[in-house]
>>> print(open('data.pdb').read())   # PDB, C-alpha atoms
ATOM      1  CA  MET S   1       0.000   0.000   0.000
ATOM      2  CA  SER S   2       1.308   3.468  -0.888
ATOM      3  CA  GLU S   3       2.022   5.983   1.843
ATOM      4  CA  ALA S   4      -0.537   8.330   0.264
ATOM      5  CA  LEU S   5      -3.274   5.696   0.371
ATOM      6  CA  GLN S   6      -2.522   4.887   4.001
ATOM      7  CA  SER S   7      -2.719   8.608   4.767
ATOM      8  CA  LEU S   8      -6.126   8.762   3.082
ATOM      9  CA  LEU S   9      -7.389   5.722   5.003
ATOM     10  CA  ASP S  10      -6.225   7.377   8.221
ATOM     11  CA  LEU S  11      -8.126  10.509   7.198
ATOM     12  CA  LEU S  12     -11.310   8.480   6.726
ATOM     13  CA  ASP S  13     -10.933   6.656  10.048
ATOM     14  CA  LEU S  14     -13.049   9.081  12.069
ATOM     15  CA  GLU S  15     -12.681   9.650  15.787
ATOM     16  CA  ARG S  16     -15.769   8.643  17.786
ATOM     17  CA  ILE S  17     -16.584  11.444  20.228
ATOM     18  CA  GLU S  18     -19.695   9.794  21.655
ATOM     19  CA  GLU S  19     -22.596   7.763  20.342
ATOM     20  CA  ASP S  20     -23.520   8.905  16.815
ATOM     21  CA  ILE S  21     -21.038  11.814  16.880
ATOM     22  CA  TYR S  22     -17.725  11.617  15.029
ATOM     23  CA  ARG S  23     -14.856  13.976  14.267
ATOM     24  CA  GLY S  24     -12.683  14.144  11.171
ATOM     25  CA  HIS S  25      -9.871  16.281   9.810
ATOM     26  CA  SER S  26      -8.921  17.472   6.324
ATOM     27  CA  ARG S  27      -6.068  17.269   3.858
ATOM     28  CA  SER S  28      -4.785  19.551   1.111
ATOM     29  CA  ALA S  29      -6.952  19.959  -1.976
ATOM     30  CA  VAL S  30      -6.626  21.507  -5.414
ATOM     31  CA  VAL S  31      -8.748  24.465  -4.244
ATOM     32  CA  PRO S  32      -8.352  26.274  -0.876
ATOM     33  CA  ARG S  33     -11.326  24.595   0.796
ATOM     34  CA  VAL S  34     -12.213  21.106   1.964
ATOM     35  CA  PHE S  35     -12.480  18.724  -1.011
ATOM     36  CA  GLY S  36     -16.114  17.750  -1.478
ATOM     37  CA  GLY S  37     -15.303  14.094  -2.015
ATOM     38  CA  GLN S  38     -13.560  14.014   1.347
ATOM     39  CA  VAL S  39     -16.494  15.358   3.350
ATOM     40  CA  ALA S  40     -18.924  13.076   1.482
ATOM     41  CA  ALA S  41     -16.723  10.043   2.151
ATOM     42  CA  GLN S  42     -16.282  10.916   5.816
ATOM     43  CA  ALA S  43     -20.025  11.443   6.251
ATOM     44  CA  LEU S  44     -20.668   8.024   4.712
ATOM     45  CA  VAL S  45     -18.154   6.492   7.134
ATOM     46  CA  ALA S  46     -20.023   8.094  10.025
ATOM     47  CA  ALA S  47     -23.358   6.765   8.759
ATOM     48  CA  GLY S  48     -21.961   3.296   8.084
ATOM     49  CA  ARG S  49     -20.575   2.938  11.594
ATOM     50  CA  THR S  50     -24.120   3.059  12.989
ATOM     51  CA  VAL S  51     -25.442   0.331  10.665
ATOM     52  CA  PRO S  52     -25.223  -3.485  11.044
ATOM     53  CA  ALA S  53     -22.400  -4.973   8.962
ATOM     54  CA  ASP S  54     -24.790  -7.100   6.885
ATOM     55  CA  ARG S  55     -26.507  -3.995   5.476
ATOM     56  CA  LEU S  56     -24.673  -2.530   2.501
ATOM     57  CA  ALA S  57     -24.869   1.065   1.259
ATOM     58  CA  HIS S  58     -27.086   1.287  -1.804
ATOM     59  CA  SER S  59     -27.597   5.057  -2.169
ATOM     60  CA  LEU S  60     -26.618   8.467  -0.898
ATOM     61  CA  HIS S  61     -27.958  11.949  -1.508
ATOM     62  CA  ALA S  62     -25.981  14.966  -0.359
ATOM     63  CA  TYR S  63     -25.920  18.765  -0.365
ATOM     64  CA  PHE S  64     -22.828  20.933  -0.051
ATOM     65  CA  LEU S  65     -24.017  23.854   2.073
ATOM     66  CA  ARG S  66     -20.905  25.936   2.837
ATOM     67  CA  PRO S  67     -17.218  25.795   1.905
ATOM     68  CA  GLY S  68     -15.294  23.728   4.424
ATOM     69  CA  ASP S  69     -12.323  25.139   6.328
ATOM     70  CA  PRO S  70      -9.389  22.717   5.811
ATOM     71  CA  GLY S  71      -7.710  24.028   8.975
ATOM     72  CA  ALA S  72     -10.525  23.094  11.350
ATOM     73  CA  PRO S  73     -11.958  19.703  12.412
ATOM     74  CA  ILE S  74     -15.338  18.596  11.091
ATOM     75  CA  VAL S  75     -17.943  17.123  13.439
ATOM     76  CA  TYR S  76     -20.380  14.588  11.961
ATOM     77  CA  ASN S  77     -23.737  14.159  13.725
ATOM     78  CA  VAL S  78     -25.676  11.023  12.741
ATOM     79  CA  ASP S  79     -29.476  10.722  13.009
ATOM     80  CA  ARG S  80     -30.890   7.185  12.966
ATOM     81  CA  LEU S  81     -33.944   7.846  10.832
ATOM     82  CA  ARG S  82     -35.098   4.267  10.259
ATOM     83  CA  ASP S  83     -34.142   0.673  11.016
ATOM     84  CA  GLY S  84     -36.493  -1.535   9.012
ATOM     85  CA  ARG S  85     -36.482  -5.223   8.226
ATOM     86  CA  SER S  86     -34.619  -4.700   4.942
ATOM     87  CA  PHE S  87     -33.531  -1.059   4.848
ATOM     88  CA  THR S  88     -31.706   1.271   7.225
ATOM     89  CA  THR S  89     -31.635   5.047   6.698
ATOM     90  CA  ARG S  90     -29.259   7.556   8.229
ATOM     91  CA  ARG S  91     -28.933  11.333   8.028
ATOM     92  CA  VAL S  92     -25.567  13.004   8.671
ATOM     93  CA  VAL S  93     -24.859  16.701   9.176
ATOM     94  CA  ALA S  94     -21.258  17.912   9.021
ATOM     95  CA  VAL S  95     -20.568  20.951  11.220
ATOM     96  CA  GLN S  96     -17.702  23.433  11.365
ATOM     97  CA  HIS S  97     -17.503  26.593  13.471
ATOM     98  CA  GLY S  98     -21.026  25.919  14.721
ATOM     99  CA  LYS S  99     -22.614  25.850  11.254
ATOM    100  CA  PRO S 100     -23.611  22.971   8.938
ATOM    101  CA  ILE S 101     -21.381  22.720   5.880
ATOM    102  CA  PHE S 102     -22.747  19.468   4.409
ATOM    103  CA  GLY S 103     -25.759  17.196   4.723
ATOM    104  CA  LEU S 104     -26.086  13.578   3.632
ATOM    105  CA  SER S 105     -28.818  10.949   3.635
ATOM    106  CA  ALA S 106     -27.707   7.362   3.082
ATOM    107  CA  SER S 107     -29.662   4.131   2.766
ATOM    108  CA  PHE S 108     -28.408   0.610   3.478
ATOM    109  CA  GLN S 109     -30.001  -2.733   2.565
ATOM    110  CA  THR S 110     -29.657  -6.382   3.436
ATOM    111  CA  TYR S 111     -28.699  -8.557   0.461
ATOM    112  CA  GLU S 112     -31.609  -9.752  -1.716
ATOM    113  CA  ASP S 113     -31.952 -11.723  -4.943
ATOM    114  CA  GLY S 114     -34.071 -10.004  -7.583
ATOM    115  CA  LEU S 115     -34.524  -8.904 -11.182
ATOM    116  CA  ASP S 116     -31.248  -8.010 -12.856
ATOM    117  CA  HIS S 117     -30.398  -5.982 -15.962
ATOM    118  CA  GLN S 118     -27.982  -3.172 -16.788
ATOM    119  CA  ALA S 119     -26.888  -0.736 -19.457
ATOM    120  CA  PRO S 120     -23.921  -2.110 -21.408
ATOM    121  CA  MET S 121     -20.431  -0.854 -20.698
ATOM    122  CA  PRO S 122     -19.252   1.712 -23.296
ATOM    123  CA  ALA S 123     -16.090   1.201 -25.301
ATOM    124  CA  ALA S 124     -12.903   2.373 -23.594
ATOM    125  CA  PRO S 125      -9.189   1.656 -24.022
ATOM    126  CA  ASP S 126      -7.333  -0.636 -21.645
ATOM    127  CA  PRO S 127      -6.159   1.484 -18.680
ATOM    128  CA  ALA S 128      -2.684  -0.047 -18.956
ATOM    129  CA  THR S 129      -2.274   1.683 -22.340
ATOM    130  CA  LEU S 130      -3.024   5.177 -20.969
ATOM    131  CA  PRO S 131      -0.577   7.703 -19.495
ATOM    132  CA  THR S 132      -0.514   7.876 -15.720
ATOM    133  CA  GLY S 133      -2.041  10.931 -14.139
ATOM    134  CA  GLU S 134       1.405  12.288 -13.312
ATOM    135  CA  ASP S 135       2.731  11.783 -16.842
ATOM    136  CA  ARG S 136      -0.308  13.502 -18.351
ATOM    137  CA  LEU S 137      -0.236  16.445 -15.948
ATOM    138  CA  ARG S 138       3.468  17.052 -16.486
ATOM    139  CA  SER S 139       2.967  17.025 -20.269
ATOM    140  CA  TYR S 140       1.036  20.337 -20.247
ATOM    141  CA  PRO S 141       3.544  23.224 -20.354
ATOM    142  CA  HIS S 142       0.821  25.842 -19.811
ATOM    143  CA  LEU S 143       0.032  24.530 -16.315
ATOM    144  CA  PRO S 144       2.021  26.266 -13.547
ATOM    145  CA  ALA S 145       4.306  23.898 -11.661
ATOM    146  CA  GLU S 146       2.506  24.781  -8.426
ATOM    147  CA  THR S 147      -0.852  23.731  -9.899
ATOM    148  CA  VAL S 148       0.575  20.422 -11.120
ATOM    149  CA  GLU S 149       2.055  19.658  -7.703
ATOM    150  CA  ARG S 150      -1.230  20.484  -5.966
ATOM    151  CA  PHE S 151      -3.096  18.112  -8.307
ATOM    152  CA  LEU S 152      -0.568  15.348  -7.768
ATOM    153  CA  GLU S 153      -0.601  15.738  -3.994
ATOM    154  CA  ALA S 154      -4.401  15.786  -3.825
ATOM    155  CA  ARG S 155      -4.714  12.665  -6.004
ATOM    156  CA  ALA S 156      -1.661  10.710  -4.820
ATOM    157  CA  ALA S 157      -3.756   7.954  -3.207
ATOM    158  CA  VAL S 158      -5.479   7.161  -6.500
ATOM    159  CA  ASP S 159      -4.232   5.980  -9.885
ATOM    160  CA  LEU S 160      -6.505   8.082 -12.119
ATOM    161  CA  ARG S 161      -6.002   7.915 -15.893
ATOM    162  CA  TYR S 162      -7.847  10.092 -18.408
ATOM    163  CA  VAL S 163      -8.860   8.467 -21.682
ATOM    164  CA  ASP S 164      -8.627  11.836 -23.493
ATOM    165  CA  ASP S 165      -7.230  15.239 -22.553
ATOM    166  CA  PRO S 166      -8.970  16.681 -19.491
ATOM    167  CA  PRO S 167     -10.453  20.187 -19.751
ATOM    168  CA  PHE S 168      -7.351  21.854 -18.289
ATOM    169  CA  GLY S 169      -5.131  20.057 -20.799
ATOM    170  CA  ASP S 170      -6.859  21.086 -24.025
ATOM    171  CA  PHE S 171      -9.246  24.034 -23.857
ATOM    172  CA  GLY S 172     -10.464  26.954 -25.966
ATOM    173  CA  THR S 173     -12.636  24.924 -28.329
ATOM    174  CA  PRO S 174     -15.880  23.224 -27.262
ATOM    175  CA  ARG S 175     -15.835  19.436 -27.346
ATOM    176  CA  GLU S 176     -18.378  16.701 -26.849
ATOM    177  CA  PRO S 177     -19.556  16.871 -23.210
ATOM    178  CA  HIS S 178     -18.289  13.370 -22.488
ATOM    179  CA  SER S 179     -15.305  12.271 -20.413
ATOM    180  CA  GLN S 180     -13.879   8.928 -19.347
ATOM    181  CA  VAL S 181     -11.345   8.091 -16.666
ATOM    182  CA  TRP S 182     -10.127   4.816 -15.221
ATOM    183  CA  PHE S 183      -9.304   4.797 -11.525
ATOM    184  CA  ARG S 184      -8.251   2.531  -8.679
ATOM    185  CA  THR S 185      -6.546   3.085  -5.349
ATOM    186  CA  ASN S 186      -2.746   3.003  -5.223
ATOM    187  CA  GLY S 187      -2.649  -0.168  -3.154
ATOM    188  CA  LYS S 188      -4.799  -3.041  -1.949
ATOM    189  CA  LEU S 189      -7.663  -2.512   0.467
ATOM    190  CA  SER S 190      -9.286  -4.757   3.038
ATOM    191  CA  ASP S 191     -12.422  -6.686   2.102
ATOM    192  CA  ASP S 192     -14.763  -4.374   4.051
ATOM    193  CA  PRO S 193     -17.523  -3.461   1.503
ATOM    194  CA  LEU S 194     -18.145  -0.073   3.139
ATOM    195  CA  LEU S 195     -14.516   0.926   2.610
ATOM    196  CA  HIS S 196     -14.758   0.342  -1.140
ATOM    197  CA  VAL S 197     -17.988   2.350  -1.353
ATOM    198  CA  VAL S 198     -16.397   5.158   0.666
ATOM    199  CA  LEU S 199     -13.303   5.277  -1.581
ATOM    200  CA  ALA S 200     -15.451   5.368  -4.725
ATOM    201  CA  THR S 201     -17.450   8.220  -3.176
ATOM    202  CA  TYR S 202     -14.211  10.089  -2.508
ATOM    203  CA  VAL S 203     -13.023   9.750  -6.111
ATOM    204  CA  SER S 204     -16.429  10.444  -7.658
ATOM    205  CA  ASP S 205     -16.148  14.181  -6.912
ATOM    206  CA  MET S 206     -12.796  14.616  -8.682
ATOM    207  CA  THR S 207     -13.824  14.726 -12.341
ATOM    208  CA  LEU S 208     -17.619  14.616 -12.744
ATOM    209  CA  LEU S 209     -18.075  18.263 -13.751
ATOM    210  CA  ASP S 210     -15.298  17.989 -16.366
ATOM    211  CA  SER S 211     -17.912  17.169 -18.991
ATOM    212  CA  VAL S 212     -19.646  20.515 -18.332
ATOM    213  CA  LEU S 213     -16.374  22.337 -19.007
ATOM    214  CA  LEU S 214     -15.700  20.362 -22.192
ATOM    215  CA  ALA S 215     -18.999  21.495 -23.714
ATOM    216  CA  HIS S 216     -17.856  25.130 -23.483
ATOM    217  CA  GLY S 217     -14.134  24.803 -24.146
ATOM    218  CA  ARG S 218     -13.292  25.841 -20.607
ATOM    219  CA  GLY S 219     -10.188  24.627 -18.774
ATOM    220  CA  GLY S 220     -11.679  24.959 -15.309
ATOM    221  CA  TRP S 221     -10.343  25.917 -11.914
ATOM    222  CA  ALA S 222      -6.829  24.731 -12.821
ATOM    223  CA  VAL S 223      -6.460  27.539 -15.373
ATOM    224  CA  GLY S 224      -8.875  30.042 -13.823
ATOM    225  CA  ASP S 225     -11.396  30.489 -16.651
ATOM    226  CA  VAL S 226     -14.313  29.339 -14.481
ATOM    227  CA  VAL S 227     -15.096  29.353 -10.787
ATOM    228  CA  GLY S 228     -17.262  26.688  -9.260
ATOM    229  CA  ALA S 229     -18.137  24.280  -6.510
ATOM    230  CA  SER S 230     -20.239  21.168  -5.984
ATOM    231  CA  LEU S 231     -23.852  21.817  -4.974
ATOM    232  CA  ASP S 232     -25.373  18.379  -4.610
ATOM    233  CA  HIS S 233     -24.315  14.792  -5.238
ATOM    234  CA  ALA S 234     -26.186  11.507  -5.512
ATOM    235  CA  MET S 235     -24.921   7.953  -5.928
ATOM    236  CA  TRP S 236     -26.575   4.548  -6.296
ATOM    237  CA  PHE S 237     -24.503   1.427  -5.645
ATOM    238  CA  HIS S 238     -25.882  -1.378  -7.811
ATOM    239  CA  ARG S 239     -23.417  -4.249  -7.623
ATOM    240  CA  PRO S 240     -20.360  -5.250  -5.579
ATOM    241  CA  PHE S 241     -17.027  -3.810  -6.694
ATOM    242  CA  ARG S 242     -13.547  -3.174  -5.395
ATOM    243  CA  ALA S 243     -12.040   0.317  -5.403
ATOM    244  CA  ASP S 244      -8.543  -1.213  -5.602
ATOM    245  CA  GLU S 245      -9.372  -2.720  -9.021
ATOM    246  CA  TRP S 246      -9.852  -0.721 -12.219
ATOM    247  CA  LEU S 247     -13.163   1.111 -12.520
ATOM    248  CA  LEU S 248     -14.297   3.018 -15.619
ATOM    249  CA  TYR S 249     -15.926   6.367 -14.823
ATOM    250  CA  ASP S 250     -18.003   7.297 -17.892
ATOM    251  CA  GLN S 251     -19.253  10.888 -17.514
ATOM    252  CA  GLN S 252     -21.391  13.287 -19.523
ATOM    253  CA  SER S 253     -23.232  16.575 -19.117
ATOM    254  CA  PRO S 254     -26.795  16.885 -20.425
ATOM    255  CA  SER S 255     -27.265  20.524 -19.368
ATOM    256  CA  ALA S 256     -25.749  23.755 -18.089
ATOM    257  CA  SER S 257     -27.763  26.896 -17.358
ATOM    258  CA  GLY S 258     -28.275  29.558 -14.724
ATOM    259  CA  GLY S 259     -24.678  29.371 -13.499
ATOM    260  CA  ARG S 260     -25.027  25.640 -12.808
ATOM    261  CA  GLY S 261     -23.867  22.545 -14.674
ATOM    262  CA  LEU S 262     -25.107  18.966 -14.404
ATOM    263  CA  GLY S 263     -22.927  15.899 -14.680
ATOM    264  CA  GLN S 264     -24.153  12.322 -14.772
ATOM    265  CA  ALA S 265     -22.083   9.159 -14.910
ATOM    266  CA  ARG S 266     -21.888   5.401 -14.684
ATOM    267  CA  ILE S 267     -19.038   3.491 -13.091
ATOM    268  CA  TYR S 268     -18.233   0.020 -14.442
ATOM    269  CA  THR S 269     -15.924  -2.734 -13.272
ATOM    270  CA  GLU S 270     -13.230  -3.785 -15.719
ATOM    271  CA  ASP S 271     -15.237  -6.893 -16.642
ATOM    272  CA  GLY S 272     -18.270  -4.785 -17.594
ATOM    273  CA  ARG S 273     -20.591  -4.827 -14.560
ATOM    274  CA  LEU S 274     -22.434  -1.588 -13.855
ATOM    275  CA  ALA S 275     -21.424  -0.848 -10.271
ATOM    276  CA  ILE S 276     -22.505   2.745  -9.574
ATOM    277  CA  SER S 277     -24.627   5.556 -11.014
ATOM    278  CA  VAL S 278     -23.728   9.149 -10.123
ATOM    279  CA  ILE S 279     -25.361  12.559 -10.638
ATOM    280  CA  GLN S 280     -23.943  15.890  -9.516
ATOM    281  CA  GLU S 281     -24.821  19.541 -10.035
ATOM    282  CA  GLY S 282     -22.325  22.290  -9.417
ATOM    283  CA  VAL S 283     -21.865  26.016  -9.666
ATOM    284  CA  VAL S 284     -20.004  26.778 -12.903
ATOM    285  CA  ARG S 285     -19.520  30.503 -13.442
ATOM    286  CA  VAL S 286     -17.384  32.497 -15.844
ATOM    287  CA  PRO S 287     -15.360  35.051 -13.839
ATOM    288  CA  ARG S 288     -16.521  38.620 -14.266
ATOM    289  CA  GLU S 289     -14.136  41.017 -15.949
ATOM    290  CA  HIS S 290     -13.246  44.049 -13.844
TER     291      HIS S 290
END
>>> encode(input="data.pdb", output="structure tokens")
Amino acid sequence: MSEALQSLLDLLDLERIEEDIYRGHSRSAVVPRVFGGQVAAQALVAAGRTVPADRLAHSLHAYFLRPGDPGAPIVYNVDRLRDGRSFTTRRVVAVQHGKPIFGLSASFQTYEDGLDHQAPMPAAPDPATLPTGEDRLRSYPHLPAETVERFLEARAAVDLRYVDDPPFGDFGTPREPHSQVWFRTNGKLSDDPLLHVVLATYVSDMTLLDSVLLAHGRGGWAVGDVVGASLDHAMWFHRPFRADEWLLYDQQSPSASGGRGLGQARIYTEDGRLAISVIQEGVVRVPREH
């Protein structure tokens, strides 16, 4: 296991303050606020620790309410909304400086057999044939060295490989609002199903709004031609998967308007099983000229 991955796992291992109250800390991000994927992952950890082990996460719905302060701890308060025969529901509110910064509802289910179908996996190149994230980032001479290092530090726990140039690599001309990345953790994980769901949640916030930027030829926050932040995030976990094995994140944007952009995606295992569906809306604004 890489040192960066162990550091991330330590970050997600929340401190229990008392029953249904947990505390977490933050790490550096590409932007000067708490990374949205981190707070979502930590909130899911808090929810999962109040649920029987035989009930697996099958969905989450979240709102980003305020920017998080990376220099202050985050307190996660868990409400036990329902414990049914098949489903368990939890609500989590993340608090900093006395104010909520994030809210999450998560649902867990006991295993059941049932009807089964899925959308087919789209075509994508073998991840082994793609440049590593570091190689791709260092290939763009227009990116300041500081920006590259911040990206690499923030993503060091994950092997994330773009199929095509990301928005910050090739911008200025609109492209199809469709993006693909392969990802897996930089090291093996335990067999705990919640951990794999939590790691996928963490990564899911890294690239989903890229497809919005592609549609308008914008490079994004890395080059400063848009400002933005996640607003809300929803995920459905359909089938078992491992976050330490290759997952294809197939993303597209059906709409942008009113200073907001919508991204939707499907995450597939390397052998073609649809594991996760994701939808996110974010603020995407063009900076005003002064």
>>> resolve_selection(input="data.pdb", expression="the PyMOL selection byres ((chain S and resi 96) around 10)", output="short mmCIF file (atom, residue, chain, number, x, y, z; two decimals) with C-alpha atoms, in the coordinates of the input")
data_model
loop_
_atom_site.label_atom_id
_atom_site.label_comp_id
_atom_site.auth_asym_id
_atom_site.auth_seq_id
_atom_site.Cartn_x
_atom_site.Cartn_y
_atom_site.Cartn_z
CA ARG S 66 -20.90 25.94 2.84
CA PRO S 67 -17.22 25.80 1.90
CA GLY S 68 -15.29 23.73 4.42
CA ASP S 69 -12.32 25.14 6.33
CA ALA S 72 -10.52 23.09 11.35
CA PRO S 73 -11.96 19.70 12.41
CA ILE S 74 -15.34 18.60 11.09
CA VAL S 75 -17.94 17.12 13.44
CA TYR S 76 -20.38 14.59 11.96
CA ALA S 94 -21.26 17.91 9.02
CA VAL S 95 -20.57 20.95 11.22
CA HIS S 97 -17.50 26.59 13.47
CA GLY S 98 -21.03 25.92 14.72
CA LYS S 99 -22.61 25.85 11.25
CA PRO S 100 -23.61 22.97 8.94
CA ILE S 101 -21.38 22.72 5.88
CA PHE S 102 -22.75 19.47 4.41
#
>>> closest_residue(input="data.pdb", among="S:Arg55, S:His117, S:Gly261, S:Pro127", to="Gly84 in chain S", atoms="only C-alpha atoms")
S:Arg55
>>> resolve_selection(input="data.pdb", expression="the PyMOL selection byres ((chain S and resi 37-40) around 8)", output="VMD selection string")
chain S and resid 26 34 to 36 41 to 44 62 94 102 104 201 to 206
>>> closest_atom_pairs(input="data.pdb", of="range 103-198 of chain S", to="range 220-230 of chain S", cutoff="8 Å", atoms="only C-alpha atoms", output="tab-separated table")
residue	atom	partner	partner_atom	distance
S:Leu143	CA	S:Val223	CA	7.2
S:Thr147	CA	S:Ala222	CA	6.7
S:Pro167	CA	S:Gly220	CA	6.6
S:Phe168	CA	S:Gly220	CA	6.1
>>> residues_near_point(input="data.pdb", point="(-8.7, 9.2, 5.0)", cutoff="9 Å", atoms="only C-alpha atoms", output="PDB file with C-alpha atoms, in the coordinates of the input")
ATOM      1  CA  LEU S   5      -3.274   5.696   0.371  1.00  0.00           C
ATOM      2  CA  GLN S   6      -2.522   4.887   4.001  1.00  0.00           C
ATOM      3  CA  SER S   7      -2.719   8.608   4.767  1.00  0.00           C
ATOM      4  CA  LEU S   8      -6.126   8.762   3.082  1.00  0.00           C
ATOM      5  CA  LEU S   9      -7.389   5.722   5.003  1.00  0.00           C
ATOM      6  CA  ASP S  10      -6.225   7.377   8.221  1.00  0.00           C
ATOM      7  CA  LEU S  11      -8.126  10.509   7.198  1.00  0.00           C
ATOM      8  CA  LEU S  12     -11.310   8.480   6.726  1.00  0.00           C
ATOM      9  CA  ASP S  13     -10.933   6.656  10.048  1.00  0.00           C
ATOM     10  CA  LEU S  14     -13.049   9.081  12.069  1.00  0.00           C
ATOM     11  CA  GLY S  24     -12.683  14.144  11.171  1.00  0.00           C
ATOM     12  CA  HIS S  25      -9.871  16.281   9.810  1.00  0.00           C
ATOM     13  CA  SER S  26      -8.921  17.472   6.324  1.00  0.00           C
ATOM     14  CA  ARG S  27      -6.068  17.269   3.858  1.00  0.00           C
ATOM     15  CA  GLN S  38     -13.560  14.014   1.347  1.00  0.00           C
ATOM     16  CA  ALA S  41     -16.723  10.043   2.151  1.00  0.00           C
ATOM     17  CA  GLN S  42     -16.282  10.916   5.816  1.00  0.00           C
ATOM     18  CA  LEU S 199     -13.303   5.277  -1.581  1.00  0.00           C
TER      19      LEU S 199
END
>>> residues_around(input="data.pdb", residues="range 275-279 of chain S", least_positions_apart="4", cutoff="7 Å", atoms="only C-alpha atoms", output="list in words")
His233, Ala234, Met235, Trp236, Phe237, His238, Arg239, Pro240, Phe241, Gly263, Gln264, Ala265, Arg266, Ile267, Tyr268 and Thr269 of chain S
>>> closest_residue(input="data.pdb", among="S:Pro122, S:Gly71, S:Gly103, S:Pro166", to="Leu274 in chain S", atoms="only C-alpha atoms")
S:Pro122
>>> closest_residue(input="data.pdb", among="S:Leu195, S:Val212, S:Leu160, S:Met1", to="Trp182 in chain S", atoms="only C-alpha atoms")
S:Leu160
>>> resolve_selection(input="data.pdb", expression="the PyMOL selection byres ((chain S and resi 210) around 9)", output="list in words")
Pro166, Pro167, Pro177, His178, Ser179, Met206, Thr207, Leu208, Leu209, Ser211, Val212, Leu213, Leu214, Ala215, Gly219, Gly220, Gln251, Gln252, Ser253 and Gly263 of chain S
>>> write_last_selection(input="data.pdb", atoms="C-alpha atoms", output="PDB file, in the coordinates of the input")
ATOM      1  CA  PRO S 166      -8.970  16.681 -19.491  1.00  0.00           C
ATOM      2  CA  PRO S 167     -10.453  20.187 -19.751  1.00  0.00           C
ATOM      3  CA  PRO S 177     -19.556  16.871 -23.210  1.00  0.00           C
ATOM      4  CA  HIS S 178     -18.289  13.370 -22.488  1.00  0.00           C
ATOM      5  CA  SER S 179     -15.305  12.271 -20.413  1.00  0.00           C
ATOM      6  CA  MET S 206     -12.796  14.616  -8.682  1.00  0.00           C
ATOM      7  CA  THR S 207     -13.824  14.726 -12.341  1.00  0.00           C
ATOM      8  CA  LEU S 208     -17.619  14.616 -12.744  1.00  0.00           C
ATOM      9  CA  LEU S 209     -18.075  18.263 -13.751  1.00  0.00           C
ATOM     10  CA  SER S 211     -17.912  17.169 -18.991  1.00  0.00           C
ATOM     11  CA  VAL S 212     -19.646  20.515 -18.332  1.00  0.00           C
ATOM     12  CA  LEU S 213     -16.374  22.337 -19.007  1.00  0.00           C
ATOM     13  CA  LEU S 214     -15.700  20.362 -22.192  1.00  0.00           C
ATOM     14  CA  ALA S 215     -18.999  21.495 -23.714  1.00  0.00           C
ATOM     15  CA  GLY S 219     -10.188  24.627 -18.774  1.00  0.00           C
ATOM     16  CA  GLY S 220     -11.679  24.959 -15.309  1.00  0.00           C
ATOM     17  CA  GLN S 251     -19.253  10.888 -17.514  1.00  0.00           C
ATOM     18  CA  GLN S 252     -21.391  13.287 -19.523  1.00  0.00           C
ATOM     19  CA  SER S 253     -23.232  16.575 -19.117  1.00  0.00           C
ATOM     20  CA  GLY S 263     -22.927  15.899 -14.680  1.00  0.00           C
TER      21      GLY S 263
END
>>> atom_distance(input="data.pdb", atom1="CA of Asn77 in chain S", atom2="CA of Asp20 in chain S")
6.1 Å
>>> atom_distance(input="data.pdb", atom1="CA of Pro254 in chain S", atom2="CA of Pro287 in chain S")
22.5 Å
>>> atom_distance(input="data.pdb", atom1="CA of His216 in chain S", atom2="CA of Asp165 in chain S")
14.5 Å
>>> closest_residue(input="data.pdb", among="S:Leu231, S:Gly217, S:Arg80, S:Gln118", to="Gly272 in chain S", atoms="only C-alpha atoms")
S:Gln118
>>> closest_residue(input="data.pdb", among="S:Val181, S:Leu56, S:Val283, S:Ala128", to="Ser86 in chain S", atoms="all atoms listed in the file")
S:Leu56
>>> closest_residue(input="data.pdb", among="S:Ala145, S:Ala119, S:Val51, S:Ala156", to="Asp83 in chain S", atoms="all atoms listed in the file")
S:Val51
>>> residues_near_point(input="data.pdb", point="(-24.9, 11.9, 14.4)", cutoff="8 Å", atoms="all atoms listed in the file", output="PyMOL selection string")
chain S and resi 19-22+46-47+76-80+91-93
>>> write_last_selection(input="data.pdb", atoms="C-alpha atoms", output="compact mmCIF listing (two decimals), in the frame of the given file")
# COMPACT_ATOMS: atom_id res chain seq x y z
CA GLU S 19 -22.60 7.76 20.34
CA ASP S 20 -23.52 8.90 16.82
CA ILE S 21 -21.04 11.81 16.88
CA TYR S 22 -17.73 11.62 15.03
CA ALA S 46 -20.02 8.09 10.02
CA ALA S 47 -23.36 6.76 8.76
CA TYR S 76 -20.38 14.59 11.96
CA ASN S 77 -23.74 14.16 13.72
CA VAL S 78 -25.68 11.02 12.74
CA ASP S 79 -29.48 10.72 13.01
CA ARG S 80 -30.89 7.18 12.97
CA ARG S 91 -28.93 11.33 8.03
CA VAL S 92 -25.57 13.00 8.67
CA VAL S 93 -24.86 16.70 9.18
>>> closest_atom_pairs(input="data.pdb", of="range 102-164 of chain S", to="range 244-249 of chain S", cutoff="12 Å", atoms="all atoms listed in the file", output="Markdown table")
| residue | atom | partner | partner_atom | distance |
| --- | --- | --- | --- | --- |
| S:Met121 | CA | S:Leu248 | CA | 8.9 |
| S:Pro122 | CA | S:Leu248 | CA | 9.2 |
| S:Ala123 | CA | S:Leu248 | CA | 10.0 |
| S:Ala124 | CA | S:Leu248 | CA | 8.1 |
| S:Pro125 | CA | S:Leu248 | CA | 9.9 |
| S:Asp126 | CA | S:Trp246 | CA | 9.8 |
| S:Pro127 | CA | S:Trp246 | CA | 7.8 |
| S:Ala128 | CA | S:Trp246 | CA | 9.9 |
| S:Ala157 | CA | S:Asp244 | CA | 10.6 |
| S:Val158 | CA | S:Asp244 | CA | 9.0 |
| S:Asp159 | CA | S:Trp246 | CA | 9.1 |
| S:Leu160 | CA | S:Trp246 | CA | 9.4 |
| S:Arg161 | CA | S:Leu248 | CA | 9.6 |
| S:Tyr162 | CA | S:Tyr249 | CA | 9.6 |
| S:Val163 | CA | S:Leu248 | CA | 9.8 |
